[in-house]
file entry-v7.cif (mmCIF, C-alpha atoms)
data_start
#
loop_
_atom_site.label_atom_id
_atom_site.label_comp_id
_atom_site.auth_asym_id
_atom_site.auth_seq_id
_atom_site.Cartn_x
_atom_site.Cartn_y
_atom_site.Cartn_z
CA MET A 9 71.68 -12.16 -46.55
CA SER A 10 71.80 -10.09 -43.40
CA LEU A 11 69.06 -10.19 -40.83
CA THR A 12 68.06 -6.69 -41.87
CA ASP A 13 67.71 -7.77 -45.47
CA ALA A 14 65.64 -10.78 -44.45
CA GLU A 15 63.39 -8.61 -42.30
CA ALA A 16 62.97 -6.09 -45.09
CA LEU A 17 62.08 -8.86 -47.52
CA ALA A 18 59.56 -10.33 -45.08
CA ALA A 19 57.98 -6.92 -44.55
CA GLN A 20 57.82 -6.33 -48.28
CA GLU A 21 56.09 -9.65 -48.90
CA ALA A 22 53.69 -9.06 -46.00
CA GLU A 23 52.77 -5.76 -47.64
CA LEU A 24 52.03 -7.57 -50.89
CA VAL A 25 49.62 -9.85 -49.03
CA THR A 26 48.04 -6.81 -47.42
CA GLN A 27 47.47 -5.36 -50.87
CA MET A 28 45.85 -8.62 -51.94
CA ALA A 29 43.61 -8.45 -48.90
CA ALA A 30 42.65 -4.95 -49.97
CA GLY A 31 41.52 -6.29 -53.32
CA ASP A 32 44.53 -5.89 -55.58
CA THR A 33 44.69 -9.10 -57.60
CA GLY A 34 47.25 -7.78 -60.05
CA ALA A 35 50.78 -6.69 -59.24
CA PRO A 36 51.01 -8.28 -55.74
CA VAL A 37 50.01 -11.66 -57.11
CA ALA A 38 52.42 -11.31 -60.00
CA GLU A 39 55.27 -10.42 -57.69
CA LEU A 40 54.61 -13.27 -55.26
CA TYR A 41 54.33 -15.68 -58.18
CA ARG A 42 57.68 -14.43 -59.46
CA ARG A 43 59.21 -15.19 -56.08
CA TYR A 44 57.53 -18.47 -55.27
CA GLY A 45 55.97 -19.86 -58.44
CA ARG A 46 58.88 -22.05 -59.48
CA ARG A 47 59.41 -23.46 -56.00
CA LEU A 48 55.71 -24.17 -55.62
CA TYR A 49 55.61 -25.89 -59.00
CA ARG A 50 58.54 -28.10 -58.07
CA PHE A 51 56.85 -28.87 -54.77
CA GLY A 52 53.71 -29.84 -56.68
CA MET A 53 55.66 -32.10 -58.99
CA GLN A 54 57.25 -33.80 -56.00
CA VAL A 55 54.05 -34.45 -54.08
CA LEU A 56 51.67 -34.99 -57.01
CA GLY A 57 53.98 -36.43 -59.66
CA ASN A 58 52.05 -34.92 -62.54
CA GLN A 59 52.58 -31.67 -64.41
CA GLY A 60 48.91 -30.84 -64.84
CA LEU A 61 48.13 -31.45 -61.19
CA ALA A 62 51.20 -29.49 -60.12
CA GLU A 63 50.04 -26.53 -62.21
CA GLU A 64 46.59 -26.84 -60.67
CA MET A 65 48.12 -26.88 -57.21
CA VAL A 66 50.06 -23.68 -57.93
CA GLN A 67 46.95 -21.88 -59.14
CA GLU A 68 44.86 -23.17 -56.26
CA SER A 69 47.52 -22.10 -53.77
CA PHE A 70 47.41 -18.52 -54.98
CA VAL A 71 43.62 -18.51 -55.03
CA ARG A 72 43.60 -19.70 -51.41
CA LEU A 73 46.23 -17.10 -50.55
CA TRP A 74 43.92 -14.44 -51.95
CA ARG A 75 40.93 -15.83 -50.07
CA THR A 76 42.77 -15.88 -46.75
CA ALA A 77 45.01 -12.84 -47.28
CA GLY A 78 43.05 -10.86 -44.71
CA ARG A 79 43.86 -13.45 -42.06
CA PHE A 80 47.59 -13.49 -42.70
CA ASP A 81 49.53 -12.41 -39.62
CA ALA A 82 53.15 -11.53 -40.29
CA ALA A 83 53.92 -11.94 -36.61
CA ARG A 84 53.20 -15.64 -36.89
CA GLY A 85 55.47 -16.41 -39.81
CA SER A 86 56.70 -15.45 -43.24
CA VAL A 87 54.63 -15.24 -46.39
CA GLY A 88 56.70 -18.06 -47.84
CA ALA A 89 55.94 -20.35 -44.91
CA TYR A 90 52.26 -19.42 -45.08
CA LEU A 91 52.16 -20.08 -48.80
CA PHE A 92 53.68 -23.54 -48.39
CA VAL A 93 51.22 -24.43 -45.66
CA ILE A 94 48.51 -23.51 -48.16
CA ALA A 95 50.23 -25.45 -50.94
CA ARG A 96 50.54 -28.51 -48.74
CA SER A 97 46.84 -28.39 -48.01
CA ALA A 98 45.96 -27.82 -51.65
CA ALA A 99 48.13 -30.74 -52.73
CA ALA A 100 46.49 -32.98 -50.14
CA ASP A 101 43.04 -32.01 -51.40
CA ILE A 102 44.02 -32.66 -55.00
CA ARG A 103 45.45 -36.07 -54.12
CA LYS A 104 42.27 -37.04 -52.27
CA ARG A 105 39.93 -35.78 -54.94
CA PRO A 106 38.22 -38.35 -57.14
CA SER A 107 39.57 -37.43 -60.51
CA SER A 108 39.14 -38.46 -64.09
CA ARG A 109 42.87 -37.98 -64.39
CA PRO A 110 44.49 -40.76 -62.37
CA LEU A 111 47.78 -39.96 -60.75
CA LEU A 112 50.65 -41.20 -62.82
CA SER A 113 53.08 -43.64 -61.37
CA VAL A 114 56.49 -42.34 -60.42
CA GLU A 115 57.98 -44.07 -63.46
CA GLU A 116 55.44 -42.52 -65.81
CA ALA A 117 55.93 -39.06 -64.37
CA HIS A 118 59.72 -39.29 -64.66
CA VAL A 119 60.32 -37.90 -61.22
CA PRO A 120 62.32 -39.42 -58.40
CA PRO A 121 60.51 -41.33 -55.65
CA LEU A 122 58.78 -39.09 -53.15
CA PRO A 123 60.82 -38.24 -50.07
CA ASP A 124 59.48 -39.54 -46.79
CA ASN A 125 58.05 -36.27 -45.57
CA VAL A 126 57.16 -32.78 -46.65
CA ASP A 127 59.96 -31.17 -44.67
CA GLN A 128 62.42 -33.19 -46.67
CA ILE A 129 60.74 -32.02 -49.86
CA LEU A 130 61.03 -28.40 -48.78
CA ASP A 131 64.70 -28.91 -47.92
CA GLY A 132 65.17 -30.44 -51.36
CA LEU A 133 63.62 -27.36 -52.97
CA ILE A 134 66.05 -25.10 -51.13
CA VAL A 135 68.98 -27.27 -52.17
CA ARG A 136 67.82 -27.13 -55.78
CA GLU A 137 67.54 -23.35 -55.65
CA ALA A 138 71.03 -23.16 -54.17
CA LEU A 139 72.35 -25.42 -56.94
CA ASP A 140 70.68 -23.15 -59.48
CA THR A 141 72.87 -20.27 -58.29
CA LEU A 142 76.13 -22.03 -59.21
CA SER A 143 77.96 -21.23 -62.40
CA PRO A 144 77.16 -23.79 -65.13
CA PRO A 145 80.70 -25.26 -65.11
CA GLN A 146 80.56 -25.74 -61.34
CA ALA A 147 77.05 -27.16 -61.40
CA GLU A 148 78.02 -29.50 -64.22
CA VAL A 149 80.92 -31.18 -62.40
CA LEU A 150 78.91 -31.53 -59.20
CA ALA A 151 76.02 -33.10 -61.10
CA LEU A 152 78.26 -35.53 -62.94
CA ALA A 153 79.80 -36.64 -59.65
CA GLN A 154 76.60 -36.71 -57.62
CA GLU A 155 74.04 -37.93 -60.12
CA GLU A 156 76.13 -40.08 -62.45
CA GLY A 157 78.76 -41.20 -59.98
CA LEU A 158 81.67 -40.28 -62.24
CA THR A 159 85.17 -39.89 -60.88
CA GLN A 160 87.09 -36.70 -61.48
CA SER A 161 89.17 -38.22 -64.29
CA GLN A 162 86.00 -39.54 -65.94
CA ILE A 163 84.46 -36.09 -65.67
CA ALA A 164 87.60 -34.55 -67.19
CA GLU A 165 87.40 -36.98 -70.08
CA ARG A 166 83.66 -36.38 -70.55
CA LEU A 167 84.09 -32.60 -70.64
CA GLY A 168 87.43 -32.54 -72.43
CA VAL A 169 89.10 -30.42 -69.77
CA PRO A 170 92.23 -31.03 -67.65
CA LEU A 171 91.84 -33.00 -64.42
CA GLY A 172 93.04 -30.02 -62.40
CA THR A 173 90.21 -27.93 -63.84
CA VAL A 174 87.68 -30.47 -62.65
CA LYS A 175 89.18 -30.51 -59.17
CA THR A 176 89.12 -26.71 -58.98
CA ARG A 177 85.55 -26.42 -60.27
CA MET A 178 84.39 -29.09 -57.84
CA PHE A 179 86.02 -27.42 -54.85
CA HIS A 180 84.76 -23.94 -55.65
CA GLY A 181 81.34 -25.35 -56.53
CA MET A 182 81.05 -26.90 -53.10
CA LYS A 183 82.15 -23.64 -51.46
CA ALA A 184 79.59 -21.68 -53.48
CA LEU A 185 76.89 -24.20 -52.65
CA ARG A 186 77.70 -23.97 -48.95
CA ALA A 187 77.36 -20.17 -49.12
CA ALA A 188 74.11 -20.35 -51.11
CA LEU A 189 72.58 -22.76 -48.62
CA ALA A 190 73.61 -20.60 -45.69
CA GLN A 191 72.09 -17.58 -47.41
CA ARG A 192 68.79 -19.45 -47.58
CA GLY A 193 68.88 -20.30 -43.91
CA PHE A 194 69.72 -23.93 -44.55
CA HIS A 195 71.64 -24.17 -41.33
CA ALA A 196 70.79 -27.78 -40.72
CA ALA A 197 73.24 -28.75 -43.40
CA VAL A 198 76.13 -26.44 -42.59
CA MET B 17 96.97 -28.92 -57.49
CA PRO B 18 99.14 -28.12 -54.49
CA PRO B 19 100.93 -31.10 -52.95
CA TYR B 20 99.08 -32.51 -49.96
CA ASP B 21 101.79 -31.42 -47.51
CA ALA B 22 102.08 -27.84 -48.79
CA HIS B 23 98.60 -26.37 -48.99
CA ASP B 24 98.13 -24.90 -45.52
CA SER B 25 98.83 -21.32 -46.48
CA ALA B 26 96.38 -21.52 -49.38
CA GLY B 27 93.48 -23.05 -47.47
CA PRO B 28 92.22 -26.61 -47.63
CA HIS B 29 93.34 -28.87 -50.44
CA PRO B 30 90.92 -28.80 -53.40
CA ASP B 31 90.63 -32.59 -53.29
CA VAL B 32 88.52 -32.20 -50.17
CA ALA B 33 85.47 -31.69 -52.44
CA GLY B 34 86.16 -34.78 -54.50
CA TRP B 35 86.66 -36.73 -51.28
CA VAL B 36 83.24 -35.92 -49.81
CA LEU B 37 81.59 -36.50 -53.18
CA GLN B 38 83.45 -39.81 -53.52
CA ALA B 39 84.66 -38.65 -56.90
CA LEU B 40 88.42 -38.98 -56.41
CA ASP B 41 90.18 -41.52 -58.54
CA HIS B 42 91.67 -44.46 -56.65
CA ASP B 43 95.22 -43.20 -56.31
CA ASP B 44 94.09 -39.70 -55.33
CA ALA B 45 91.68 -41.14 -52.79
CA MET B 46 94.40 -43.23 -51.18
CA SER B 47 96.77 -40.27 -50.99
CA PHE B 48 94.12 -37.90 -49.66
CA ALA B 49 93.01 -40.42 -47.01
CA ALA B 50 96.58 -40.57 -45.72
CA HIS B 51 96.83 -36.79 -45.78
CA LEU B 52 93.52 -36.36 -44.01
CA ARG B 53 94.77 -38.26 -40.98
CA GLN B 54 97.40 -35.57 -40.49
CA CYS B 55 95.59 -32.39 -41.57
CA GLU B 56 93.20 -30.81 -39.13
CA GLN B 57 92.25 -28.07 -41.61
CA CYS B 58 91.08 -30.54 -44.27
CA ARG B 59 89.22 -32.62 -41.67
CA ALA B 60 87.31 -29.50 -40.64
CA VAL B 61 86.33 -28.77 -44.22
CA VAL B 62 85.30 -32.37 -44.78
CA ALA B 63 83.02 -32.01 -41.76
CA GLU B 64 81.49 -28.90 -43.35
CA PHE B 65 81.12 -30.35 -46.83
CA ARG B 66 79.80 -33.77 -45.91
CA PRO B 67 76.26 -32.69 -44.89
CA ILE B 68 76.10 -30.56 -48.05
CA ALA B 69 76.94 -33.59 -50.18
CA GLN B 70 74.25 -35.49 -48.30
CA ALA B 71 71.72 -32.70 -48.91
CA MET B 72 72.52 -32.79 -52.63
CA THR B 73 71.15 -36.31 -52.83
CA HIS B 74 67.74 -34.92 -51.82
CA ALA B 75 67.76 -31.95 -54.20
CA ALA B 76 64.47 -31.44 -56.00
CA PRO B 77 64.51 -32.13 -59.73
CA ALA B 78 65.44 -29.12 -61.84
CA LEU B 79 61.96 -28.69 -63.30
CA GLU B 80 60.72 -25.43 -64.76
CA PRO B 81 57.04 -24.45 -64.73
CA PRO B 82 55.39 -23.69 -68.08
CA ALA B 83 56.04 -20.14 -69.21
CA ASP B 84 52.37 -19.22 -69.14
CA LEU B 85 51.62 -20.62 -65.68
CA GLY B 86 52.11 -17.21 -64.10
CA THR B 87 49.50 -15.62 -66.34
CA ARG B 88 47.09 -18.50 -65.77
CA THR B 89 47.60 -18.22 -62.03
CA LEU B 90 46.80 -14.52 -62.12
CA LEU B 91 43.65 -15.20 -64.08
CA ALA B 92 42.64 -17.95 -61.64
CA VAL B 93 42.89 -15.49 -58.78
CA GLN B 94 40.93 -12.90 -60.68
CA GLN B 95 38.22 -15.36 -61.56
CA ALA B 96 37.97 -16.34 -57.90
CA ALA B 97 37.76 -12.67 -57.01
CA ALA B 98 34.94 -12.26 -59.49
CA VAL B 99 33.00 -15.03 -57.80
CA GLN B 100 33.64 -13.79 -54.27
CA PRO B 101 34.48 -10.11 -54.62
CA ARG B 102 33.04 -9.07 -51.30
CA GLN B 103 35.39 -11.22 -49.25
CA ALA B 104 38.41 -9.43 -50.63
CA ALA B 105 36.86 -6.02 -50.75
CA THR B 106 35.83 -6.00 -47.12
CA ALA B 107 39.45 -5.57 -46.16
CA ALA B 108 39.80 -2.48 -48.30
CA ASN B 109 39.78 0.98 -46.84
CA ARG B 110 36.33 2.27 -47.60
CA THR B 111 37.17 5.94 -47.54
CA THR B 112 40.37 5.89 -49.54
CA TRP B 113 39.82 3.17 -52.08
CA TRP B 114 40.04 5.68 -54.87
CA ARG B 115 43.65 6.24 -54.07
CA TRP B 116 44.54 2.57 -54.31
CA PRO B 117 45.95 1.37 -57.59
CA TRP B 118 43.17 -1.06 -58.32
CA SER B 119 45.29 -3.18 -60.51
CA THR B 120 43.54 -5.79 -62.54
CA PRO B 121 45.54 -8.93 -63.26
CA LEU B 122 48.19 -8.99 -65.88
CA LEU B 123 46.38 -9.50 -69.14
CA SER B 124 47.73 -10.75 -72.40
CA ALA B 125 45.92 -9.74 -75.52
CA ALA B 126 44.34 -13.20 -75.64
CA SER B 127 43.15 -13.12 -72.06
CA ALA B 128 42.06 -9.52 -71.76
CA LEU B 129 38.40 -10.28 -72.32
CA ALA B 130 38.33 -13.01 -69.69
CA GLY B 131 40.04 -10.76 -67.19
CA ALA B 132 37.83 -7.80 -67.82
CA ALA B 133 34.77 -9.49 -66.35
CA ALA B 134 36.59 -10.24 -63.15
CA ALA B 135 37.98 -6.72 -63.00
CA ALA B 136 34.48 -5.39 -63.31
CA ALA B 137 33.36 -7.53 -60.40
CA ILE B 138 36.16 -6.29 -58.17
CA ILE B 139 35.64 -2.65 -58.96
CA ALA B 140 31.89 -2.97 -58.71
CA ALA B 141 32.27 -4.41 -55.22
CA ALA B 142 34.53 -1.56 -54.23
CA VAL B 143 32.02 0.95 -55.53
CA LEU B 144 29.28 -0.61 -53.42
CA LEU B 145 31.46 -0.49 -50.32
CA SER B 146 32.51 3.09 -50.89
CA GLY B 147 28.98 4.30 -51.23
CA HIS B 148 29.54 5.52 -54.77
CA SER B 149 26.04 5.53 -56.14
CA GLY B 150 26.62 5.75 -59.85
CA GLY B 151 24.27 7.97 -61.80
CA LEU B 152 26.44 7.46 -64.84
CA PRO B 153 25.97 9.75 -67.81
CA ALA B 154 25.08 7.92 -70.96
CA GLN B 155 27.49 9.80 -73.18
CA ALA B 156 30.43 7.80 -74.50
CA LEU B 157 33.86 9.40 -74.37
CA THR B 158 36.94 9.05 -76.54
CA PHE B 159 40.51 9.49 -75.29
CA HIS B 160 43.11 10.23 -77.95
CA LEU B 161 46.35 9.12 -76.36
CA ALA B 162 49.80 10.53 -77.18
CA PRO B 163 53.25 10.38 -75.59
CA PRO B 164 54.18 13.15 -73.14
CA PRO B 165 55.81 16.20 -74.74
CA GLY B 166 59.47 15.60 -75.43
CA ALA B 167 59.25 11.85 -75.01
CA GLY B 168 60.21 11.33 -78.63
CA GLN B 169 58.12 8.19 -78.97
CA ALA B 170 56.07 7.09 -81.93
CA ALA B 171 53.48 5.38 -79.74
CA SER B 172 49.82 6.30 -79.96
CA GLY B 173 46.48 5.05 -78.78
CA THR B 174 42.77 5.55 -78.60
CA ALA B 175 40.35 4.54 -75.89
CA VAL B 176 36.58 4.64 -76.11
CA ALA B 177 34.56 4.38 -72.89
CA ARG B 178 30.90 3.43 -73.23
CA PRO B 179 28.39 2.96 -70.43
CA ASP B 180 26.92 -0.50 -70.19
CA ALA B 181 23.61 -1.71 -68.81
CA SER B 182 25.06 -2.44 -65.36
CA GLY B 183 26.27 1.12 -64.86
CA SER B 184 29.91 0.26 -65.50
CA TRP B 185 31.94 1.50 -68.43
CA ASP B 186 33.25 -0.73 -71.16
CA ILE B 187 36.61 0.50 -72.41
CA THR B 188 38.07 -0.44 -75.77
CA LEU B 189 41.71 0.54 -75.81
CA THR B 190 43.80 0.36 -78.97
CA VAL B 191 47.53 1.08 -78.84
CA HIS B 192 50.28 1.18 -81.44
CA HIS B 193 54.08 1.10 -81.33
CA LEU B 194 54.46 0.25 -77.66
CA LYS B 195 57.51 -1.81 -76.80
CA ASN B 196 56.96 -5.46 -75.82
CA PHE B 197 58.65 -6.24 -72.50
CA ASN B 198 57.11 -9.70 -72.26
CA ASP B 199 56.54 -10.42 -68.55
CA ALA B 200 59.32 -8.16 -67.32
CA LYS B 201 57.13 -5.06 -67.31
CA TRP B 202 53.56 -4.37 -68.16
CA TYR B 203 51.36 -1.48 -69.11
CA GLN B 204 48.61 -0.15 -66.91
CA CYS B 205 45.70 2.08 -67.85
CA TRP B 206 44.74 4.72 -65.30
CA TYR B 207 41.97 7.26 -64.85
CA LEU B 208 42.88 10.54 -63.16
CA SER B 209 40.35 12.93 -61.67
CA LYS B 210 40.10 16.47 -63.03
CA ASP B 211 42.52 17.83 -60.44
CA HIS B 212 44.68 14.68 -60.64
CA SER B 213 44.22 14.09 -56.92
CA LYS B 214 42.49 10.74 -57.38
CA VAL B 215 43.62 7.78 -59.40
CA ALA B 216 41.90 4.56 -60.39
CA SER B 217 43.18 1.71 -62.49
CA ALA B 218 41.17 0.50 -65.45
CA GLY B 219 43.31 -2.51 -66.27
CA THR B 220 46.68 -3.99 -67.05
CA PHE B 221 47.89 -5.33 -70.36
CA LEU B 222 50.81 -6.64 -72.37
CA VAL B 223 51.47 -5.91 -75.99
CA PRO B 224 52.63 -8.44 -78.58
CA ASP B 225 55.85 -8.08 -80.54
CA SER B 226 54.08 -5.87 -83.06
CA GLY B 227 53.57 -3.28 -80.33
CA SER B 228 49.93 -2.94 -81.30
CA GLY B 229 46.82 -4.40 -79.75
CA THR B 230 43.23 -3.83 -78.77
CA PHE B 231 42.13 -4.54 -75.21
CA SER B 232 38.73 -4.66 -73.60
CA MET B 233 38.44 -3.51 -70.01
CA THR B 234 35.64 -2.57 -67.66
CA SER B 235 35.65 0.07 -64.96
CA ALA B 236 33.12 1.55 -62.56
CA VAL B 237 34.91 4.89 -62.77
CA ASP B 238 32.94 7.65 -64.48
CA PRO B 239 35.19 9.13 -67.19
CA HIS B 240 33.24 12.40 -67.00
CA THR B 241 34.68 12.81 -63.50
CA PHE B 242 38.00 11.13 -64.15
CA THR B 243 38.75 13.01 -67.31
CA THR B 244 42.38 12.06 -67.94
CA MET B 245 43.60 8.67 -69.05
CA GLU B 246 47.23 7.65 -68.70
CA ILE B 247 49.07 4.54 -69.80
CA THR B 248 52.10 3.78 -67.62
CA LEU B 249 54.90 1.28 -67.90
CA GLN B 250 54.86 -0.58 -64.61
CA PRO B 251 58.01 -2.16 -63.17
CA PRO B 252 57.63 -5.78 -62.05
CA SER B 253 57.68 -4.98 -58.33
CA HIS B 254 56.26 -1.53 -57.91
CA ASN B 255 54.57 -2.69 -54.71
CA GLY B 256 51.54 -0.54 -55.06
CA ALA B 257 53.22 2.60 -56.33
CA LEU B 258 50.62 4.65 -58.11
CA HIS B 259 52.54 5.17 -61.30
CA GLY B 260 55.27 3.89 -63.49
CA ARG B 261 56.58 6.00 -66.34
CA VAL B 262 53.79 7.62 -68.35
CA VAL B 263 54.00 6.55 -71.99
CA LEU B 264 50.62 7.78 -73.25
CA SER B 265 48.01 10.19 -71.98
CA GLY B 266 44.95 12.02 -73.20
CA GLN B 267 41.78 13.87 -72.20
CA GLY B 268 38.28 12.48 -72.59
CA GLN B 269 36.14 14.04 -75.32
CA ASN B 270 32.55 13.37 -76.25
CA ALA B 271 32.53 10.63 -78.83
#

call {"tool": "encode", "arguments": {"input": "entry-v7.cif", "output": "structure tokens"}}
result
Amino acid sequence: MSLTDAEALAAQEAELVTQMAAGDTGAPVAELYRRYGRRLYRFGMQVLGNQGLAEEMVQESFVRLWRTAGRFDAARGSVGAYLFVIARSAAADIRKRPSSRPLLSVEEAHVPPLPDNVDQILDGLIVREALDTLSPPQAEVLALAQEEGLTQSQIAERLGVPLGTVKTRMFHGMKALRAALAQRGFHAAV
Amino acid sequence: MPPYDAHDSAGPHPDVAGWVLQALDHDDAMSFAAHLRQCEQCRAVVAEFRPIAQAMTHAAPALEPPADLGTRTLLAVQQAAAVQPRQAATAANRTTWWRWPWSTPLLSAASALAGAAAAAAIIAAAVLLSGHSGGLPAQALTFHLAPPPGAGQAASGTAVARPDASGSWDITLTVHHLKNFNDAKWYQCWYLSKDHSKVASAGTFLVPDSGSGTFSMTSAVDPHTFTTMEITLQPPSHNGALHGRVVLSGQGQNA
């Protein structure tokens, strides 16, 4: 994504927040949810470890965005950054709240242990989105190597494809992942 | 795969990915390690790929939110707006609010009633801020809605607008044979003034697979002044554009 594209996207999203501030609770909210809903939900699952609480966090984040839309200043940061500051606060409030629904343990929630800090969570969300852009065959070989620790010949046997195919998919998958991360501004990793 | 000593013209050796992911089989790993000591190009790519492989270990789980979370989120915002309408409305332009597409949240047939109350609160707040004093006629109006000439559609609809005790207008909209776009697009109901210079939204809705549905909406707009009703098909990111494609329209008539 070129700088011009990124600036245009930021301006477009700032305009959506302006429309929310002006009272439009329809299309601007729908569009921002389309862009950020999945990432927010995954963030909620990471920090809260429970589907119901993650859903509540997403809804509360957008409600708070609406309430504070008039105070949003595009000069101070992107809508995405602003939304995640809100989400972080909402998640913290939900975690602190006395609740009749106790937080599930990590094992019960079937999610990995929480990373050490929120920045690491946000980086993990970007990596996941980048992985989501890979072709299924590429994503599959990378997942089998990374998550299951299989060797290339084991992957070839599992998938029933030649070893050379696995090597090629793995190489091009890593190249595509590098490009997708760079496109998302994940420069710390590349 | 190209031999380790003959890949330079074709870029780095493909085994560089398996190396950083520690997925090479033993013999390949031994061979590639020996090659790597002599190949600057592959060492450079290893240096690029290694932090990516490290980042992959921290990737968030591939979880998908429930399909209806978007709709529930929209309703949550609208309900909040209904409780605190003034806070949002104060940012609106008082003199030109008529020209804004006062979109109500995306409503499914099942949630239309819940959303209508919030929509009424938002529009009522805007009316107060704009100085619109009401004085609503008590006569109900019916809009018989038909596709534009030449559209070749079989869609149809009827809307009845009745004044309620608060001075707003309760709208019962029934449509038939509209295409279901799920969440990709939605329909929006608009009022247009007599000269079509002013536009106000009465609500947003989705239709089920049958293409037919009845929706309840509330608007502060006086249909005796805004005498034309239009149903448009809104794209997912119209960013405040006043209109999508008009699929139905009609004039108000005394019921």

call {"tool": "resolve_selection", "arguments": {"input": "entry-v7.cif", "expression": "the PyMOL selection byres ((chain A and resi 149) around 7)", "output": "tab-separated table (two decimals) with C-alpha atoms, in the frame of the given file"}}
result
chain	number	residue	atom	x	y	z
A	145	PRO	CA	80.70	-25.26	-65.11
A	146	GLN	CA	80.56	-25.74	-61.34
A	147	ALA	CA	77.05	-27.16	-61.40
A	148	GLU	CA	78.02	-29.50	-64.22
A	150	LEU	CA	78.91	-31.53	-59.20
A	151	ALA	CA	76.02	-33.10	-61.10
A	152	LEU	CA	78.26	-35.53	-62.94
A	153	ALA	CA	79.80	-36.64	-59.65
A	163	ILE	CA	84.46	-36.09	-65.67
A	174	VAL	CA	87.68	-30.47	-62.65
A	177	ARG	CA	85.55	-26.42	-60.27
A	178	MET	CA	84.39	-29.09	-57.84

call {"tool": "atom_distance", "arguments": {"input": "entry-v7.cif", "atom1": "atom CA of Leu79 of chain B", "atom2": "atom CA of Glu63 of chain A"}}
result
12.2 Å

call {"tool": "atom_distance", "arguments": {"input": "entry-v7.cif", "atom1": "atom CA of Gly45 of chain A", "atom2": "atom CA of Lys195 of chain B"}}
result
25.8 Å

call {"tool": "resolve_selection", "arguments": {"input": "entry-v7.cif", "expression": "the PyMOL selection byres ((chain A and resi 161) around 8)", "output": "ChimeraX atom specification"}}
result
/A:159-160,162-165,171 /B:40-41

call {"tool": "closest_residue", "arguments": {"input": "entry-v7.cif", "among": "A:Tyr90, A:Phe80, A:Tyr44, A:Tyr49", "to": "chain B", "atoms": "only C-alpha atoms"}}
result
A:Tyr49
